[in-house]
file data.cif (mmCIF, C-alpha atoms and all ligand atoms)
data_input
#
loop_
_atom_site.label_atom_id
_atom_site.label_comp_id
_atom_site.auth_asym_id
_atom_site.auth_seq_id
_atom_site.Cartn_x
_atom_site.Cartn_y
_atom_site.Cartn_z
CA MET A 231 127.55 40.48 171.72
CA ALA A 232 128.34 37.20 169.98
CA ILE A 233 124.73 36.92 168.77
CA ASP A 234 122.76 39.75 167.31
CA TYR A 235 119.03 38.97 167.61
CA LYS A 236 116.50 41.30 166.05
CA LYS A 237 112.88 41.26 164.98
CA GLU A 238 111.42 42.58 161.73
CA GLY A 239 107.64 42.10 161.77
CA LYS A 240 107.00 38.37 162.00
CA ILE A 241 110.62 37.53 161.13
CA ALA A 242 113.44 36.97 163.63
CA ILE A 243 117.01 37.49 162.42
CA PHE A 244 119.87 35.78 164.25
CA THR A 245 123.38 36.94 163.30
CA LEU A 246 126.42 35.00 164.47
CA SER A 247 128.68 37.87 165.25
CA ARG A 248 132.38 37.15 165.77
CA PRO A 249 133.74 38.11 162.35
CA GLU A 250 137.32 38.35 163.64
CA ALA A 251 137.17 34.56 164.27
CA LEU A 252 135.03 33.79 161.19
CA ASN A 253 131.99 33.59 163.50
CA ALA A 254 133.38 30.49 165.23
CA ILE A 255 131.09 29.37 168.02
CA ASN A 256 132.58 29.86 171.48
CA PRO A 257 130.64 29.06 174.68
CA GLU A 258 129.23 32.61 174.87
CA THR A 259 127.95 32.41 171.28
CA LEU A 260 126.37 29.00 171.86
CA ASP A 261 124.67 30.26 175.01
CA GLY A 262 123.48 33.43 173.23
CA LEU A 263 122.16 31.39 170.30
CA SER A 264 120.30 29.07 172.66
CA ARG A 265 118.68 31.98 174.55
CA ALA A 266 117.69 33.77 171.33
CA LEU A 267 116.19 30.58 169.85
CA ILE A 268 114.15 29.93 173.01
CA SER A 269 112.92 33.53 173.00
CA PHE A 270 111.93 33.14 169.30
CA LYS A 271 110.15 29.86 170.01
CA ASP A 272 108.11 31.42 172.83
CA ASP A 273 107.25 34.66 171.01
CA ASP A 274 103.79 34.36 169.43
CA GLU A 275 104.44 37.42 167.22
CA LEU A 276 107.36 35.73 165.42
CA TRP A 277 106.70 33.12 162.75
CA VAL A 278 109.93 32.58 160.79
CA GLY A 279 113.64 32.75 161.68
CA ILE A 280 116.64 33.61 159.52
CA ILE A 281 120.14 32.80 160.69
CA THR A 282 123.22 34.33 159.09
CA GLY A 283 126.80 35.35 159.88
CA ALA A 284 128.38 38.77 160.27
CA GLY A 285 130.77 39.96 157.55
CA ASP A 286 131.36 38.66 154.06
CA LYS A 287 133.77 35.77 154.72
CA ALA A 288 131.99 33.27 156.91
CA PHE A 289 128.60 32.07 158.02
CA SER A 290 130.49 30.20 160.73
CA ALA A 291 133.79 28.27 160.75
CA GLY A 292 132.28 25.92 163.35
CA ALA A 293 132.97 25.30 167.00
CA ASP A 294 135.80 27.47 168.33
CA ILE A 295 138.86 25.25 168.07
CA LYS A 296 140.77 27.40 170.55
CA THR A 297 138.24 27.78 173.36
CA MET A 298 135.69 25.00 172.94
CA LEU A 299 137.39 21.91 171.61
CA PRO A 300 140.19 21.76 174.24
CA LYS A 301 137.51 21.63 176.95
CA LEU A 302 135.51 18.83 175.33
CA ARG A 303 137.04 16.10 177.48
CA THR A 304 136.00 17.79 180.71
CA THR A 305 132.67 19.29 179.63
CA MET A 306 131.33 16.19 177.86
CA GLY A 307 127.84 15.33 179.11
CA GLN A 308 127.52 18.50 181.23
CA PRO A 309 124.12 20.06 180.44
CA TRP A 310 125.44 23.64 180.87
CA ALA A 311 128.05 22.96 178.21
CA GLU A 312 125.38 22.00 175.70
CA PRO A 313 122.50 24.47 175.95
CA PRO A 314 119.48 23.52 173.82
CA THR A 315 119.67 24.70 170.22
CA ILE A 316 118.15 23.71 166.87
CA MET A 317 121.16 21.45 166.36
CA LYS A 318 120.37 19.48 169.52
CA GLY A 319 117.86 19.55 172.34
CA LEU A 320 115.42 22.25 171.20
CA LYS A 321 112.25 21.21 169.39
CA LEU A 322 111.42 24.18 167.20
CA TRP A 323 108.67 23.78 164.63
CA LYS A 324 108.70 27.38 163.41
CA PRO A 325 110.53 27.43 160.05
CA MET A 326 114.17 28.47 159.93
CA ILE A 327 116.18 29.73 156.95
CA ALA A 328 119.98 29.71 156.84
CA ALA A 329 121.38 32.62 154.81
CA VAL A 330 124.90 31.30 154.25
CA ASN A 331 127.17 34.27 153.54
CA GLY A 332 130.56 32.52 153.33
CA ALA A 333 132.24 29.48 154.87
CA ALA A 334 129.87 27.11 156.66
CA LEU A 335 132.24 24.56 158.13
CA GLY A 336 131.86 21.97 160.87
CA GLY A 337 129.41 23.34 163.42
CA GLY A 338 128.63 26.16 160.96
CA LEU A 339 127.30 23.69 158.40
CA GLU A 340 125.53 21.84 161.22
CA ILE A 341 123.64 25.03 162.15
CA ALA A 342 122.61 25.43 158.50
CA LEU A 343 121.59 21.75 158.34
CA ALA A 344 119.32 22.24 161.33
CA CYS A 345 117.45 24.90 159.32
CA ASP A 346 114.71 23.99 156.85
CA LEU A 347 115.84 26.06 153.88
CA ARG A 348 119.35 27.13 152.95
CA ILE A 349 120.26 30.01 150.66
CA ALA A 350 123.91 30.48 149.75
CA SER A 351 125.86 33.45 148.47
CA GLU A 352 128.17 32.69 145.53
CA ASN A 353 131.24 32.81 147.81
CA ALA A 354 129.82 30.26 150.29
CA THR A 355 131.63 27.00 151.00
CA PHE A 356 130.37 23.98 152.88
CA GLY A 357 132.19 21.21 154.66
CA VAL A 358 132.59 19.05 157.73
CA PRO A 359 136.36 19.14 158.31
CA GLU A 360 136.20 17.63 161.80
CA VAL A 361 138.02 14.45 160.69
CA ASN A 362 141.05 16.66 160.03
CA LEU A 363 141.04 17.46 163.75
CA GLY A 364 140.68 13.80 164.69
CA LEU A 365 137.01 14.37 165.53
CA ILE A 366 133.56 13.90 164.02
CA PRO A 367 130.77 16.49 163.86
CA GLY A 368 129.03 16.85 167.21
CA TRP A 369 125.97 18.95 166.38
CA GLY A 370 124.15 16.48 164.16
CA GLY A 371 126.29 16.57 161.02
CA THR A 372 126.70 12.81 160.71
CA GLN A 373 122.93 12.36 161.08
CA ARG A 374 121.45 15.26 159.13
CA LEU A 375 123.84 15.39 156.18
CA PRO A 376 122.93 11.88 154.86
CA ARG A 377 119.26 12.76 155.36
CA VAL A 378 119.60 15.94 153.30
CA ILE A 379 121.94 14.95 150.43
CA PRO A 380 122.60 11.65 148.66
CA TRP A 381 124.46 9.06 150.76
CA ALA A 382 127.59 8.90 148.59
CA LYS A 383 128.04 12.68 148.68
CA ALA A 384 127.46 12.75 152.44
CA ALA A 385 130.07 10.01 152.87
CA GLU A 386 132.50 11.93 150.67
CA LEU A 387 132.11 15.10 152.73
CA LEU A 388 132.10 13.40 156.13
CA LEU A 389 134.97 10.98 155.51
CA THR A 390 137.31 13.30 153.61
CA GLY A 391 136.52 16.61 155.31
CA ARG A 392 136.73 18.20 151.84
CA PRO A 393 134.78 21.45 151.41
CA ILE A 394 132.55 22.15 148.40
CA ASP A 395 131.54 25.44 146.80
CA ALA A 396 128.07 26.95 146.53
CA GLN A 397 127.39 25.63 143.01
CA GLU A 398 128.24 22.07 144.02
CA ALA A 399 126.10 22.49 147.14
CA TYR A 400 123.21 23.53 144.91
CA ARG A 401 123.77 20.64 142.49
CA ILE A 402 123.61 18.03 145.28
CA GLY A 403 120.56 19.60 146.90
CA LEU A 404 122.28 20.96 150.01
CA VAL A 405 121.04 24.49 149.32
CA ASN A 406 117.80 25.74 147.79
CA LYS A 407 119.27 28.69 145.95
CA VAL A 408 122.55 30.49 145.17
CA VAL A 409 122.55 34.27 144.85
CA SER A 410 125.11 37.07 144.87
CA LEU A 411 126.24 38.23 148.31
CA PRO A 412 124.31 41.55 148.17
CA GLU A 413 121.18 39.60 147.20
CA LEU A 414 121.50 37.11 150.07
CA MET A 415 119.54 38.82 152.85
CA PRO A 416 116.89 40.31 150.53
CA THR A 417 116.34 36.78 149.10
CA ALA A 418 116.21 35.23 152.57
CA LYS A 419 113.69 37.86 153.67
CA GLN A 420 111.57 37.24 150.55
CA MET A 421 111.55 33.54 151.37
CA ALA A 422 110.67 34.30 154.97
CA GLU A 423 107.78 36.50 153.80
CA MET A 424 106.64 33.62 151.59
CA LEU A 425 106.66 31.33 154.65
CA CYS A 426 104.59 33.91 156.56
CA ARG A 427 101.75 33.73 153.99
CA PRO A 428 100.32 30.22 154.63
CA GLY A 429 98.69 29.24 157.92
CA PRO A 430 101.53 29.33 160.46
CA LEU A 431 100.19 26.46 162.55
CA ALA A 432 99.97 24.37 159.38
CA VAL A 433 103.53 25.31 158.39
CA ARG A 434 104.74 24.26 161.84
CA ALA A 435 102.77 21.00 161.69
CA ALA A 436 104.22 20.22 158.25
CA LYS A 437 107.74 20.75 159.62
CA GLN A 438 107.02 18.62 162.69
CA ALA A 439 105.55 15.83 160.54
CA MET A 440 108.58 15.86 158.23
CA ILE A 441 111.17 15.85 161.00
CA GLN A 442 109.53 13.44 163.42
CA GLY A 443 108.38 11.27 160.50
CA THR A 444 111.96 10.53 159.43
CA ASN A 445 112.38 8.41 162.56
CA LEU A 446 109.12 6.51 162.16
CA SER A 447 107.82 3.59 160.15
CA LEU A 448 105.42 4.62 157.38
CA GLU A 449 102.52 3.35 159.47
CA ASP A 450 103.54 5.41 162.53
CA GLY A 451 104.29 8.39 160.29
CA LEU A 452 100.77 8.25 158.90
CA GLU A 453 99.45 8.17 162.49
CA LEU A 454 101.50 11.28 163.31
CA GLU A 455 100.20 13.02 160.19
CA LYS A 456 96.64 12.13 161.17
CA ALA A 457 97.10 13.45 164.73
CA LEU A 458 98.47 16.75 163.39
CA GLU A 459 95.68 17.03 160.81
CA ASP A 460 93.08 16.33 163.53
CA TYR A 461 94.57 19.18 165.55
CA LEU A 462 94.70 21.61 162.60
CA VAL A 463 91.02 21.14 161.73
CA THR A 464 90.14 22.42 165.21
CA THR A 465 92.05 25.71 164.70
CA GLU A 466 90.60 29.10 163.80
CA ASP A 467 93.16 29.41 161.00
CA PHE A 468 91.77 26.35 159.22
CA GLY A 469 88.28 27.89 159.26
CA GLU A 470 89.68 31.18 157.98
CA GLY A 471 91.72 29.48 155.22
CA CYS A 472 88.68 27.66 153.79
CA LYS A 473 86.39 30.71 154.18
CA ALA A 474 88.91 32.98 152.42
CA PHE A 475 89.18 30.51 149.52
CA ILE A 476 85.41 30.40 149.08
CA GLU A 477 85.13 34.20 149.36
CA LYS A 478 88.00 34.60 146.85
CA ARG A 479 90.14 36.73 149.16
CA LYS A 480 93.50 36.45 150.93
CA ALA A 481 93.30 34.64 154.27
CA THR A 482 94.20 36.49 157.46
CA PHE A 483 95.87 33.92 159.67
CA LYS A 484 96.44 34.50 163.38
CA ALA A 485 98.34 31.39 164.48
CA LYS A 486 95.27 30.36 166.49
N1 LIG A 501 137.81 28.20 165.79
C1 LIG A 501 138.56 29.22 166.27
N2 LIG A 501 139.11 30.16 165.48
C2 LIG A 501 138.90 30.06 164.16
C3 LIG A 501 138.15 29.02 163.58
C4 LIG A 501 137.55 28.06 164.47
N3 LIG A 501 136.77 27.07 164.05
N4 LIG A 501 138.14 29.17 162.25
C5 LIG A 501 138.85 30.29 161.99
N5 LIG A 501 139.32 30.83 163.14
C6 LIG A 501 140.14 32.02 163.31
C7 LIG A 501 141.59 31.76 162.89
O1 LIG A 501 142.31 31.15 163.93
C8 LIG A 501 142.04 33.17 162.58
O2 LIG A 501 142.30 33.82 163.81
P1 LIG A 501 143.70 34.65 163.99
O3 LIG A 501 143.60 35.77 162.97
O4 LIG A 501 143.62 35.12 165.40
O5 LIG A 501 144.79 33.69 163.69
C9 LIG A 501 140.80 33.83 161.99
O6 LIG A 501 139.68 33.04 162.42
C10 LIG A 501 140.81 33.83 160.47
O7 LIG A 501 140.98 32.50 160.04
P2 LIG A 501 142.12 32.06 158.98
O8 LIG A 501 143.30 32.95 159.08
O9 LIG A 501 142.36 30.60 159.14
O10 LIG A 501 141.34 32.38 157.62
P3 LIG A 501 141.53 31.68 156.21
O11 LIG A 501 140.72 32.50 155.25
O12 LIG A 501 142.98 31.46 155.90
O13 LIG A 501 140.87 30.21 156.34
C11 LIG A 501 139.14 28.67 157.01
C12 LIG A 501 139.49 30.10 156.56
C13 LIG A 501 139.37 27.70 155.84
C14 LIG A 501 137.66 28.68 157.39
C15 LIG A 501 140.04 28.26 158.20
O14 LIG A 501 139.98 29.29 159.19
C16 LIG A 501 139.62 26.97 158.85
O15 LIG A 501 139.92 25.89 158.35
N6 LIG A 501 138.96 27.05 160.05
C17 LIG A 501 138.61 25.89 160.81
C18 LIG A 501 137.40 25.20 160.26
C19 LIG A 501 137.11 23.95 161.06
O16 LIG A 501 137.92 23.05 161.18
N7 LIG A 501 135.89 23.87 161.62
C20 LIG A 501 135.45 22.74 162.41
C21 LIG A 501 135.54 23.11 163.87
S1 LIG A 501 135.17 21.72 164.93
C22 LIG A 501 133.48 21.68 164.99
O17 LIG A 501 132.79 22.52 164.44
C23 LIG A 501 132.89 20.56 165.83
C24 LIG A 501 131.42 20.45 165.79
O18 LIG A 501 130.88 19.59 165.14
C25 LIG A 501 130.57 21.35 166.59
#

call {"tool": "encode", "arguments": {"input": "data.cif", "output": "structure tokens"}}
result
Amino acid sequence: MAIDYKKEGKIAIFTLSRPEALNAINPETLDGLSRALISFKDDDELWVGIITGAGDKAFSAGADIKTMLPKLRTTMGQPWAEPPTIMKGLKLWKPMIAAVNGAALGGGLEIALACDLRIASENATFGVPEVNLGLIPGWGGTQRLPRVIPWAKAAELLLTGRPIDAQEAYRIGLVNKVVSLPELMPTAKQMAEMLCRPGPLAVRAAKQAMIQGTNLSLEDGLELEKALEDYLVTTEDFGEGCKAFIEKRKATFKAK
């Protein structure tokens, strides 16, 4: 299986699993990732996702240069060749964490960029080397990178294809935290647990407002925020959150 998908309580863990090819994404992996993400999105019991790579060398070295890129000319624009994922085509408001356990290059970095939080192991590297192949990133790298890190650093990475290490990624705000490799998954799970504590519908609405808001004028963004707030005040969780505060106890949220 190119994708290992498992559930631990409210947390879904997606593992890109082709270590012999540095977890490069071939069509089977992309299809498996798409199916697992859709299953996660539709599963009311799951609140947070973590995505990582198998082994200790790579998160993912990107699209499979041997099996995917040669077919690009013929598959371009074919819906079956681009199943919906967080990188493109799937609107997923449940929070996602990338636990980057090694090289995150090209499509690998683009998967991490489509997550909300990124934790890196000390051996992680990040880059968009597509220009070295005579290509540009195709899973959102040119659009998300300049939205996540300062423009000049995004231009440096995108135009030179040069990779950076975990410490530099932390310094420029590409990752939230750098930890040792053995600490990576425990840290990602702790963060996921932290994201499971607040009201899940509110967490999803905050993510939706942030992401959709980046494409809107301030005025339209404020309208979107208002619409989401109007929805949240009608939810059971909002009632429970306020009641728990007044009663000085921990809220029990149900995603309702
Ligand atoms: N596609 C297919 N196979 C890949 C691969 C990829 N993206 N990256 C690595 N592999 C394979 C290698 O071919 C090699 O296989 P063999 O043992 O059968 O030869 C195996 O994984 C191990 O790789 P290396 O021997 O190259 O390992 P290394 O430690 O010397 O180098 C690396 C590691 C720097 C990550 C190097 O493998 C590399 O540069 N990989 C390509 C990275 C890249 O260019 N990614 C962008 C892909 S295009 C893209 O992603 C488009 C998009 O936007 C979606």

call {"tool": "axis_aligned_box", "arguments": {"input": "data.cif", "around": "ligand LIG 501 (chain A)", "padding_each_side": "8 Å", "output": "lines of an AutoDock Vina configuration file"}}
result
center_x = 137.7
center_y = 27.7
center_z = 160.9
size_x = 30.2
size_y = 32.2
size_z = 27.3

call {"tool": "residues_near_ligand", "arguments": {"input": "data.cif", "ligand": "ligand LIG 501 (chain A)", "cutoff": "6 Å", "atoms": "all atoms listed in the file", "output": "NGL selection string"}}
result
:A and (250-252 or 254 or 291-296 or 335-337 or 359-360 or 367-369)

call {"tool": "residues_around", "arguments": {"input": "data.cif", "residues": "Ile316 of chain A", "least_positions_apart": "3", "cutoff": "8 Å", "atoms": "only C-alpha atoms", "output": "list in words"}}
result
Leu267, Gly319, Leu320, Lys321, Leu322, Ile341, Ala344 and Cys345 of chain A

call {"tool": "closest_residue", "arguments": {"input": "data.cif", "among": "A:Pro313, A:Pro325, A:Pro249, A:Gly332", "to": "Val408 of chain A", "atoms": "all atoms listed in the file"}}
result
A:Gly332

call {"tool": "atom_distance", "arguments": {"input": "data.cif", "atom1": "atom CA of Met298 of chain A", "atom2": "atom CA of Pro257 of chain A"}}
result
6.7 Å

call {"tool": "residues_near_point", "arguments": {"input": "data.cif", "point": "(117.4, 24.7, 148.7)", "cutoff": "12 Å", "atoms": "only C-alpha atoms", "output": "list in words"}}
result
Ile327, Ala328, Ala329, Val330, Ala342, Leu343, Cys345, Asp346, Leu347, Arg348, Ile349, Ala350, Val378, Ile379, Ala396, Gln397, Ala399, Tyr400, Arg401, Ile402, Gly403, Leu404, Val405, Asn406, Lys407, Val408, Val409, Ala418 and Met421 of chain A

call {"tool": "closest_residue", "arguments": {"input": "data.cif", "among": "A:Pro416, A:Pro300, A:Gly364, A:Gly371", "to": "Ala384 of chain A", "atoms": "only C-alpha atoms"}}
result
A:Gly371

call {"tool": "atom_distance", "arguments": {"input": "data.cif", "atom1": "atom CA of Asn253 of chain A", "atom2": "atom CA of Ala382 of chain A"}}
result
29.2 Å

call {"tool": "closest_residue", "arguments": {"input": "data.cif", "among": "A:Trp381, A:Trp323, A:Phe270, A:Tyr461", "to": "Lys437 of chain A", "atoms": "only C-alpha atoms"}}
result
A:Trp323

call {"tool": "residues_around", "arguments": {"input": "data.cif", "residues": "Thr390 of chain A", "least_positions_apart": "4", "cutoff": "9 Å", "atoms": "only C-alpha atoms", "output": "list of chain:residue names"}}
result
A:Val358, A:Pro359, A:Val361, A:Asn362, A:Ala385, A:Glu386

call {"tool": "atom_distance", "arguments": {"input": "data.cif", "atom1": "atom CA of Ala354 of chain A", "atom2": "atom CA of Asp395 of chain A"}}
result
6.2 Å

call {"tool": "closest_residue", "arguments": {"input": "data.cif", "among": "A:Arg303, A:Arg427, A:Lys419, A:Lys480", "to": "Glu238 of chain A", "atoms": "all atoms listed in the file"}}
result
A:Lys419

call {"tool": "closest_residue", "arguments": {"input": "data.cif", "among": "A:Ala485, A:Cys426, A:Ile255, A:Ala457", "to": "Ala242 of chain A", "atoms": "only C-alpha atoms"}}
result
A:Cys426

call {"tool": "residues_around", "arguments": {"input": "data.cif", "residues": "Val463 of chain A", "least_positions_apart": "6", "cutoff": "12 Å", "atoms": "all atoms listed in the file", "output": "ChimeraX atom specification"}}
result
/A:429,431-432,435,456-457,469-472,486

call {"tool": "closest_residue", "arguments": {"input": "data.cif", "among": "A:Leu299, A:Ile366, A:Ala333, A:Ile476", "to": "Thr282 of chain A", "atoms": "all atoms listed in the file"}}
result
A:Ala333

call {"tool": "decode", "arguments": {"input": "data.cif", "residues": "segment 371-399 of chain A", "atoms": "N, CA and C atoms", "output": "PDB file, in the first residue's frame"}}
result
ATOM      1  N   GLY A 371       2.552  24.986  -5.140  1.00  0.00           N
ATOM      2  CA  GLY A 371       3.771  25.549  -4.551  1.00  0.00           C
ATOM      3  C   GLY A 371       3.992  27.015  -4.879  1.00  0.00           C
ATOM      4  N   THR A 372       3.715  27.398  -6.127  1.00  0.00           N
ATOM      5  CA  THR A 372       3.966  28.803  -6.498  1.00  0.00           C
ATOM      6  C   THR A 372       2.966  29.737  -5.814  1.00  0.00           C
ATOM      7  N   GLN A 373       1.823  29.181  -5.412  1.00  0.00           N
ATOM      8  CA  GLN A 373       0.782  30.025  -4.808  1.00  0.00           C
ATOM      9  C   GLN A 373       0.855  30.026  -3.288  1.00  0.00           C
ATOM     10  N   ARG A 374       1.099  28.856  -2.703  1.00  0.00           N
ATOM     11  CA  ARG A 374       1.091  28.794  -1.228  1.00  0.00           C
ATOM     12  C   ARG A 374       2.405  29.286  -0.618  1.00  0.00           C
ATOM     13  N   LEU A 375       3.523  28.985  -1.266  1.00  0.00           N
ATOM     14  CA  LEU A 375       4.805  29.350  -0.637  1.00  0.00           C
ATOM     15  C   LEU A 375       4.887  30.862  -0.361  1.00  0.00           C
ATOM     16  N   PRO A 376       4.559  31.733  -1.353  1.00  0.00           N
ATOM     17  CA  PRO A 376       4.639  33.179  -1.052  1.00  0.00           C
ATOM     18  C   PRO A 376       3.558  33.650  -0.075  1.00  0.00           C
ATOM     19  N   ARG A 377       2.554  32.808   0.175  1.00  0.00           N
ATOM     20  CA  ARG A 377       1.549  33.179   1.181  1.00  0.00           C
ATOM     21  C   ARG A 377       2.006  32.768   2.578  1.00  0.00           C
ATOM     22  N   VAL A 378       2.944  31.816   2.635  1.00  0.00           N
ATOM     23  CA  VAL A 378       3.364  31.269   3.925  1.00  0.00           C
ATOM     24  C   VAL A 378       4.652  31.939   4.426  1.00  0.00           C
ATOM     25  N   ILE A 379       5.599  32.174   3.511  1.00  0.00           N
ATOM     26  CA  ILE A 379       6.897  32.763   3.924  1.00  0.00           C
ATOM     27  C   ILE A 379       7.075  34.104   3.208  1.00  0.00           C
ATOM     28  N   PRO A 380       8.048  34.914   3.659  1.00  0.00           N
ATOM     29  CA  PRO A 380       8.250  36.203   3.003  1.00  0.00           C
ATOM     30  C   PRO A 380       8.538  36.051   1.501  1.00  0.00           C
ATOM     31  N   TRP A 381       8.102  37.035   0.746  1.00  0.00           N
ATOM     32  CA  TRP A 381       8.156  37.003  -0.727  1.00  0.00           C
ATOM     33  C   TRP A 381       9.567  36.717  -1.251  1.00  0.00           C
ATOM     34  N   ALA A 382      10.567  37.412  -0.686  1.00  0.00           N
ATOM     35  CA  ALA A 382      11.933  37.267  -1.208  1.00  0.00           C
ATOM     36  C   ALA A 382      12.450  35.841  -0.997  1.00  0.00           C
ATOM     37  N   LYS A 383      12.086  35.238   0.152  1.00  0.00           N
ATOM     38  CA  LYS A 383      12.537  33.864   0.405  1.00  0.00           C
ATOM     39  C   LYS A 383      11.794  32.902  -0.518  1.00  0.00           C
ATOM     40  N   ALA A 384      10.505  33.157  -0.742  1.00  0.00           N
ATOM     41  CA  ALA A 384       9.735  32.294  -1.650  1.00  0.00           C
ATOM     42  C   ALA A 384      10.332  32.373  -3.055  1.00  0.00           C
ATOM     43  N   ALA A 385      10.675  33.596  -3.475  1.00  0.00           N
ATOM     44  CA  ALA A 385      11.264  33.770  -4.815  1.00  0.00           C
ATOM     45  C   ALA A 385      12.594  33.023  -4.894  1.00  0.00           C
ATOM     46  N   GLU A 386      13.382  33.127  -3.830  1.00  0.00           N
ATOM     47  CA  GLU A 386      14.690  32.442  -3.816  1.00  0.00           C
ATOM     48  C   GLU A 386      14.485  30.933  -3.990  1.00  0.00           C
ATOM     49  N   LEU A 387      13.563  30.375  -3.220  1.00  0.00           N
ATOM     50  CA  LEU A 387      13.353  28.918  -3.305  1.00  0.00           C
ATOM     51  C   LEU A 387      12.768  28.523  -4.657  1.00  0.00           C
ATOM     52  N   LEU A 388      11.776  29.278  -5.121  1.00  0.00           N
ATOM     53  CA  LEU A 388      11.076  28.886  -6.350  1.00  0.00           C
ATOM     54  C   LEU A 388      11.925  29.106  -7.604  1.00  0.00           C
ATOM     55  N   LEU A 389      12.734  30.156  -7.606  1.00  0.00           N
ATOM     56  CA  LEU A 389      13.487  30.469  -8.825  1.00  0.00           C
ATOM     57  C   LEU A 389      14.828  29.753  -8.907  1.00  0.00           C
ATOM     58  N   THR A 390      15.391  29.396  -7.731  1.00  0.00           N
ATOM     59  CA  THR A 390      16.685  28.696  -7.774  1.00  0.00           C
ATOM     60  C   THR A 390      16.534  27.184  -7.622  1.00  0.00           C
ATOM     61  N   GLY A 391      15.448  26.750  -6.989  1.00  0.00           N
ATOM     62  CA  GLY A 391      15.281  25.316  -6.727  1.00  0.00           C
ATOM     63  C   GLY A 391      16.137  24.835  -5.566  1.00  0.00           C
ATOM     64  N   ARG A 392      16.813  25.777  -4.901  1.00  0.00           N
ATOM     65  CA  ARG A 392      17.746  25.430  -3.813  1.00  0.00           C
ATOM     66  C   ARG A 392      16.988  24.926  -2.582  1.00  0.00           C
ATOM     67  N   PRO A 393      17.430  23.810  -1.995  1.00  0.00           N
ATOM     68  CA  PRO A 393      16.767  23.351  -0.766  1.00  0.00           C
ATOM     69  C   PRO A 393      17.317  24.065   0.469  1.00  0.00           C
ATOM     70  N   ILE A 394      16.530  24.098   1.532  1.00  0.00           N
ATOM     71  CA  ILE A 394      16.985  24.670   2.804  1.00  0.00           C
ATOM     72  C   ILE A 394      16.834  23.608   3.899  1.00  0.00           C
ATOM     73  N   ASP A 395      17.564  23.810   4.992  1.00  0.00           N
ATOM     74  CA  ASP A 395      17.472  22.827   6.084  1.00  0.00           C
ATOM     75  C   ASP A 395      16.373  23.234   7.075  1.00  0.00           C
ATOM     76  N   ALA A 396      16.191  22.380   8.076  1.00  0.00           N
ATOM     77  CA  ALA A 396      15.077  22.574   9.017  1.00  0.00           C
ATOM     78  C   ALA A 396      15.215  23.876   9.804  1.00  0.00           C
ATOM     79  N   GLN A 397      16.453  24.214  10.195  1.00  0.00           N
ATOM     80  CA  GLN A 397      16.644  25.434  10.993  1.00  0.00           C
ATOM     81  C   GLN A 397      16.301  26.671  10.178  1.00  0.00           C
ATOM     82  N   GLU A 398      16.713  26.668   8.898  1.00  0.00           N
ATOM     83  CA  GLU A 398      16.376  27.817   8.051  1.00  0.00           C
ATOM     84  C   GLU A 398      14.855  27.867   7.835  1.00  0.00           C
ATOM     85  N   ALA A 399      14.266  26.696   7.676  1.00  0.00           N
ATOM     86  CA  ALA A 399      12.799  26.643   7.487  1.00  0.00           C
ATOM     87  C   ALA A 399      12.089  27.229   8.705  1.00  0.00           C
TER      88      ALA A 399
END
